[in-house]
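Peer 1: Before I ask anything, here is the structure I am working with.
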Amino acid sequence: MKIKLDENLSRHLKDPLSQLGHDVSTAVEEGLLGKVDSEVGAAAKGEDRMIFTLDLDFADLRKFAPGSHPGVVLFRPRSMGPFAVNRFVLKFSQETELTTLARCLAVVEPHRIRVRRPFLLDESLEWEGQYPLQPSMG
């Protein structure tokens with residue numbers, strides 16, 4: 001999975017996530033430090049990267065609706081200490097098939113994961129031959 005680490009997550013997560021087989025970039029590496037969330041989101045979307053973040057603004061469904069981006073994983077660990085956050089993110093990444101969260105908003109908490117998926121009839125879904133039923137004209 002292609003992942004972009006938001007500026008609020010440690011750059012030290014890049015190597016362990018890469019070792020899990022992910023293609024990881026950081027907001028800091030790309031000069032997005034201090035940029036507004038919409039710019040970070042647009043950069044991630046342009047690169048087809050799922051965003052890993054601690055920033056609650058990415059959970060705003062009006063700005064980042066499921067299906068409108070490659071995916072957002074919002075981490076809500078019990079402790080915000082850097083080592084605890086890194087362990088939390090890595091444990092989740094080791095135990096989760098991230099492709100199942102593509103185009104979704106996932107809120108990862110210590111004892112549950114809440115997932116908001118795109119609407120089933122989302123027109124941006126590119127399923128061949130799958131169209132909403134149309135009334136018969138005959």
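FYI, nothing fancy with the structure tokens labels: chains A, B, ... in order, residues from 1 per chain, ligands from 1 as they appear.
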Could you name the residues that touch A:Leu32 at 12 Å or less, counting only C-alpha atoms, but leaving out those on the same chain fewer than 3 positions away, as a list in words?
Peer 2: Lys4, Leu5, Asp6, Glu7, Asn8, Ser25, Thr26, Ala27, Val28, Glu29, Lys35, Val36, Asp37, Ser38, Glu39, Val40, Gly41, Ala42, Ala43 and Ala44 of chain A
Peer 1: With only C-alpha atoms as the counted atoms, please give the residues lying no more than 12 Å from stretch 84-94 of chain A, apart from itself and same-chain residues fewer than 3 positions off, as a PDB file with N, CA and C atoms, in the first residue's frame.
Peer 2:
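Output file result.pdb is given in full below:
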```pdb
ATOM      1  N   MET A   1       0.853  -1.175   0.000  1.00  0.00           N
ATOM      2  CA  MET A   1       0.000   0.000   0.000  1.00  0.00           C
ATOM      3  C   MET A   1       0.898   1.238   0.000  1.00  0.00           C
ATOM      4  N   ILE A   3       1.525   4.841   1.267  1.00  0.00           N
ATOM      5  CA  ILE A   3       1.139   5.579   2.476  1.00  0.00           C
ATOM      6  C   ILE A   3       1.861   6.912   2.520  1.00  0.00           C
ATOM      7  N   LEU A   5       2.716   9.633   5.484  1.00  0.00           N
ATOM      8  CA  LEU A   5       2.684   9.945   6.913  1.00  0.00           C
ATOM      9  C   LEU A   5       2.490  11.447   7.072  1.00  0.00           C
ATOM     10  N   ASN A   8       2.273  14.972  11.776  1.00  0.00           N
ATOM     11  CA  ASN A   8       2.140  14.721  13.207  1.00  0.00           C
ATOM     12  C   ASN A   8       2.555  13.306  13.604  1.00  0.00           C
ATOM     13  N   LEU A   9       2.970  12.501  12.645  1.00  0.00           N
ATOM     14  CA  LEU A   9       3.502  11.173  12.939  1.00  0.00           C
ATOM     15  C   LEU A   9       5.010  11.174  12.704  1.00  0.00           C
ATOM     16  N   SER A  10       5.695  10.384  13.487  1.00  0.00           N
ATOM     17  CA  SER A  10       7.151  10.356  13.451  1.00  0.00           C
ATOM     18  C   SER A  10       7.696   9.852  12.119  1.00  0.00           C
ATOM     19  N   ARG A  11       8.731  10.514  11.643  1.00  0.00           N
ATOM     20  CA  ARG A  11       9.423  10.062  10.431  1.00  0.00           C
ATOM     21  C   ARG A  11      10.078   8.705  10.662  1.00  0.00           C
ATOM     22  N   HIS A  12      10.253   8.337  11.949  1.00  0.00           N
ATOM     23  CA  HIS A  12      10.867   7.048  12.284  1.00  0.00           C
ATOM     24  C   HIS A  12       9.942   5.872  11.977  1.00  0.00           C
ATOM     25  N   LEU A  13       8.711   6.143  11.606  1.00  0.00           N
ATOM     26  CA  LEU A  13       7.793   5.078  11.192  1.00  0.00           C
ATOM     27  C   LEU A  13       8.045   4.643   9.746  1.00  0.00           C
ATOM     28  N   LYS A  14       8.709   5.473   8.982  1.00  0.00           N
ATOM     29  CA  LYS A  14       8.888   5.194   7.549  1.00  0.00           C
ATOM     30  C   LYS A  14       9.585   3.851   7.305  1.00  0.00           C
ATOM     31  N   ASP A  15      10.725   3.628   7.927  1.00  0.00           N
ATOM     32  CA  ASP A  15      11.477   2.395   7.677  1.00  0.00           C
ATOM     33  C   ASP A  15      10.722   1.141   8.130  1.00  0.00           C
ATOM     34  N   PRO A  16      10.170   1.106   9.349  1.00  0.00           N
ATOM     35  CA  PRO A  16       9.425  -0.108   9.740  1.00  0.00           C
ATOM     36  C   PRO A  16       8.211  -0.374   8.846  1.00  0.00           C
ATOM     37  N   LEU A  17       7.514   0.668   8.413  1.00  0.00           N
ATOM     38  CA  LEU A  17       6.375   0.471   7.516  1.00  0.00           C
ATOM     39  C   LEU A  17       6.850  -0.011   6.150  1.00  0.00           C
ATOM     40  N   SER A  18       7.986   0.502   5.701  1.00  0.00           N
ATOM     41  CA  SER A  18       8.561   0.043   4.433  1.00  0.00           C
ATOM     42  C   SER A  18       8.952  -1.429   4.526  1.00  0.00           C
ATOM     43  N   GLN A  19       9.469  -1.839   5.673  1.00  0.00           N
ATOM     44  CA  GLN A  19       9.847  -3.242   5.870  1.00  0.00           C
ATOM     45  C   GLN A  19       8.627  -4.163   5.845  1.00  0.00           C
ATOM     46  N   LEU A  20       7.452  -3.607   6.120  1.00  0.00           N
ATOM     47  CA  LEU A  20       6.210  -4.388   6.026  1.00  0.00           C
ATOM     48  C   LEU A  20       5.712  -4.467   4.582  1.00  0.00           C
ATOM     49  N   GLY A  21       6.444  -3.830   3.664  1.00  0.00           N
ATOM     50  CA  GLY A  21       6.099  -3.911   2.253  1.00  0.00           C
ATOM     51  C   GLY A  21       5.346  -2.712   1.705  1.00  0.00           C
ATOM     52  N   HIS A  22       5.241  -1.655   2.491  1.00  0.00           N
ATOM     53  CA  HIS A  22       4.521  -0.467   2.045  1.00  0.00           C
ATOM     54  C   HIS A  22       5.475   0.540   1.409  1.00  0.00           C
ATOM     55  N   PHE A  52      -1.880   8.428   6.809  1.00  0.00           N
ATOM     56  CA  PHE A  52      -1.834   8.043   8.218  1.00  0.00           C
ATOM     57  C   PHE A  52      -1.680   9.340   8.998  1.00  0.00           C
ATOM     58  N   THR A  53      -2.541   9.573   9.990  1.00  0.00           N
ATOM     59  CA  THR A  53      -2.518  10.847  10.694  1.00  0.00           C
ATOM     60  C   THR A  53      -3.046  10.729  12.121  1.00  0.00           C
ATOM     61  N   LEU A  54      -2.764  11.751  12.903  1.00  0.00           N
ATOM     62  CA  LEU A  54      -3.365  11.941  14.229  1.00  0.00           C
ATOM     63  C   LEU A  54      -4.322  13.127  14.200  1.00  0.00           C
ATOM     64  N   VAL A  73      -6.400   7.002   7.528  1.00  0.00           N
ATOM     65  CA  VAL A  73      -6.370   6.237   8.768  1.00  0.00           C
ATOM     66  C   VAL A  73      -6.018   7.224   9.872  1.00  0.00           C
ATOM     67  N   LEU A  74      -6.997   7.468  10.734  1.00  0.00           N
ATOM     68  CA  LEU A  74      -6.852   8.398  11.851  1.00  0.00           C
ATOM     69  C   LEU A  74      -6.580   7.585  13.107  1.00  0.00           C
ATOM     70  N   PHE A  75      -5.428   7.776  13.693  1.00  0.00           N
ATOM     71  CA  PHE A  75      -5.031   7.035  14.892  1.00  0.00           C
ATOM     72  C   PHE A  75      -5.414   7.813  16.141  1.00  0.00           C
ATOM     73  N   ARG A  76      -6.047   7.125  17.093  1.00  0.00           N
ATOM     74  CA  ARG A  76      -6.461   7.712  18.363  1.00  0.00           C
ATOM     75  C   ARG A  76      -5.916   6.846  19.502  1.00  0.00           C
ATOM     76  N   PRO A  77      -4.598   6.849  19.689  1.00  0.00           N
ATOM     77  CA  PRO A  77      -4.013   6.008  20.746  1.00  0.00           C
ATOM     78  C   PRO A  77      -4.348   6.543  22.132  1.00  0.00           C
ATOM     79  N   ARG A  78      -4.227   5.678  23.106  1.00  0.00           N
ATOM     80  CA  ARG A  78      -4.496   6.070  24.495  1.00  0.00           C
ATOM     81  C   ARG A  78      -3.469   7.108  24.951  1.00  0.00           C
ATOM     82  N   SER A  79      -2.211   6.889  24.608  1.00  0.00           N
ATOM     83  CA  SER A  79      -1.128   7.797  24.979  1.00  0.00           C
ATOM     84  C   SER A  79      -0.594   8.459  23.725  1.00  0.00           C
ATOM     85  N   MET A  80      -0.301   9.764  23.821  1.00  0.00           N
ATOM     86  CA  MET A  80       0.226  10.493  22.672  1.00  0.00           C
ATOM     87  C   MET A  80       1.749  10.620  22.709  1.00  0.00           C
ATOM     88  N   GLY A  81       2.402   9.906  23.622  1.00  0.00           N
ATOM     89  CA  GLY A  81       3.865   9.907  23.638  1.00  0.00           C
ATOM     90  C   GLY A  81       4.391   9.306  22.349  1.00  0.00           C
ATOM     91  N   GLU A  97      -4.910  -5.710   6.977  1.00  0.00           N
ATOM     92  CA  GLU A  97      -4.726  -5.692   5.526  1.00  0.00           C
ATOM     93  C   GLU A  97      -5.228  -4.329   5.050  1.00  0.00           C
ATOM     94  N   LEU A  98      -4.306  -3.420   4.793  1.00  0.00           N
ATOM     95  CA  LEU A  98      -4.669  -2.033   4.502  1.00  0.00           C
ATOM     96  C   LEU A  98      -5.490  -1.885   3.226  1.00  0.00           C
ATOM     97  N   THR A  99      -5.361  -2.810   2.302  1.00  0.00           N
ATOM     98  CA  THR A  99      -6.142  -2.692   1.069  1.00  0.00           C
ATOM     99  C   THR A  99      -7.645  -2.736   1.346  1.00  0.00           C
ATOM    100  N   LEU A 101      -9.094  -1.080   3.477  1.00  0.00           N
ATOM    101  CA  LEU A 101      -9.480   0.262   3.917  1.00  0.00           C
ATOM    102  C   LEU A 101      -9.320   1.302   2.806  1.00  0.00           C
ATOM    103  N   ALA A 106     -10.852   5.370   8.307  1.00  0.00           N
ATOM    104  CA  ALA A 106     -10.754   4.429   9.423  1.00  0.00           C
ATOM    105  C   ALA A 106     -10.256   5.185  10.643  1.00  0.00           C
ATOM    106  N   VAL A 107     -10.989   5.061  11.738  1.00  0.00           N
ATOM    107  CA  VAL A 107     -10.579   5.654  13.010  1.00  0.00           C
ATOM    108  C   VAL A 107     -10.135   4.494  13.892  1.00  0.00           C
ATOM    109  N   VAL A 108      -8.831   4.474  14.200  1.00  0.00           N
ATOM    110  CA  VAL A 108      -8.239   3.363  14.926  1.00  0.00           C
ATOM    111  C   VAL A 108      -8.064   3.764  16.385  1.00  0.00           C
ATOM    112  N   GLU A 109      -8.785   3.066  17.255  1.00  0.00           N
ATOM    113  CA  GLU A 109      -8.726   3.292  18.693  1.00  0.00           C
ATOM    114  C   GLU A 109      -8.121   2.053  19.342  1.00  0.00           C
ATOM    115  N   PRO A 110      -7.753   2.124  20.611  1.00  0.00           N
ATOM    116  CA  PRO A 110      -7.097   0.969  21.242  1.00  0.00           C
ATOM    117  C   PRO A 110      -7.892  -0.337  21.168  1.00  0.00           C
ATOM    118  N   HIS A 111      -9.223  -0.283  21.254  1.00  0.00           N
ATOM    119  CA  HIS A 111      -9.991  -1.522  21.290  1.00  0.00           C
ATOM    120  C   HIS A 111     -11.012  -1.663  20.177  1.00  0.00           C
ATOM    121  N   ARG A 112     -10.958  -0.765  19.190  1.00  0.00           N
ATOM    122  CA  ARG A 112     -11.875  -0.895  18.068  1.00  0.00           C
ATOM    123  C   ARG A 112     -11.382  -0.056  16.890  1.00  0.00           C
ATOM    124  N   ILE A 113     -11.910  -0.416  15.730  1.00  0.00           N
ATOM    125  CA  ILE A 113     -11.643   0.336  14.510  1.00  0.00           C
ATOM    126  C   ILE A 113     -13.000   0.668  13.906  1.00  0.00           C
TER     127      ILE A 113
END
```
Peer 1: Would you return as a compact mmCIF listing (two decimals) with C-alpha atoms, in the first residue's frame the members of stretch 12-135 of chain A that DSSP assigns to alpha helix (DSSP H) on this structure's backbone?
Peer 2:
```txt
# COMPACT_ATOMS: atom_id res chain seq x y z
CA LYS A 14 8.89 5.19 7.55
CA ASP A 15 11.48 2.39 7.68
CA PRO A 16 9.43 -0.11 9.74
CA LEU A 17 6.37 0.47 7.52
CA SER A 18 8.56 0.04 4.43
CA GLN A 19 9.85 -3.24 5.87
CA ASP A 37 -4.90 19.65 5.44
CA SER A 38 -6.50 20.15 2.04
CA GLU A 39 -3.02 20.54 0.48
CA VAL A 40 -1.72 17.44 2.25
CA GLY A 41 -4.84 15.56 1.17
CA ALA A 42 -4.49 16.72 -2.43
CA ALA A 43 -0.83 15.66 -2.51
CA ALA A 44 -1.72 12.22 -1.13
CA LYS A 45 -4.56 11.85 -3.62
CA GLY A 46 -2.33 12.89 -6.50
CA PRO A 82 6.00 9.35 20.53
CA PHE A 83 7.06 5.79 21.38
CA ALA A 84 3.51 4.77 22.31
CA VAL A 85 2.13 6.28 19.10
CA ASN A 86 4.77 4.52 16.98
CA ARG A 87 3.99 1.16 18.62
CA PHE A 88 0.25 1.75 18.11
CA VAL A 89 0.66 2.57 14.40
CA LEU A 90 3.03 -0.34 13.76
CA LYS A 91 0.85 -2.87 15.60
CA PHE A 92 -2.16 -1.78 13.55
CA SER A 93 -0.16 -1.94 10.32
CA GLN A 94 1.14 -5.43 11.09
CA GLU A 95 -2.31 -6.79 11.95
```
Peer 1: Would you please extract all strand (DSSP E or B) residues from stretch 33-86 of chain A, as assigned by DSSP on the backbone, and give them as an MDAnalysis selection string?
Peer 2: chainID A and resid 50:53 72:75
Peer 1: Determine the nearest neighbour of A:Asp57 from the options A:Val24, A:Leu33, A:Val115, A:Leu105, counting only C-alpha atoms.
Peer 2: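 Closest residue, counting only C-alpha atoms: A:Leu105.
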Peer 1: Could you jot down the atom CA of A:Thr100 to atom CA of A:Pro70 separation for me, Å, one decimal place?
Peer 2: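 A separation of 11.3 Å between them.
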Peer 1: One number please: atom CA of A:Cys104 to atom CA of A:Pro66, in Å, one decimal.
Peer 2: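 Distance reported for this atom pair: 4.8 Å.
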Peer 1: Between atom CA of A:His69 and atom CA of A:Ala102, what distance in Å does the model show, to one decimal?
Peer 2: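 Atom-to-atom, atom CA of A:His69 and atom CA of A:Ala102 are spaced 8.4 Å apart.
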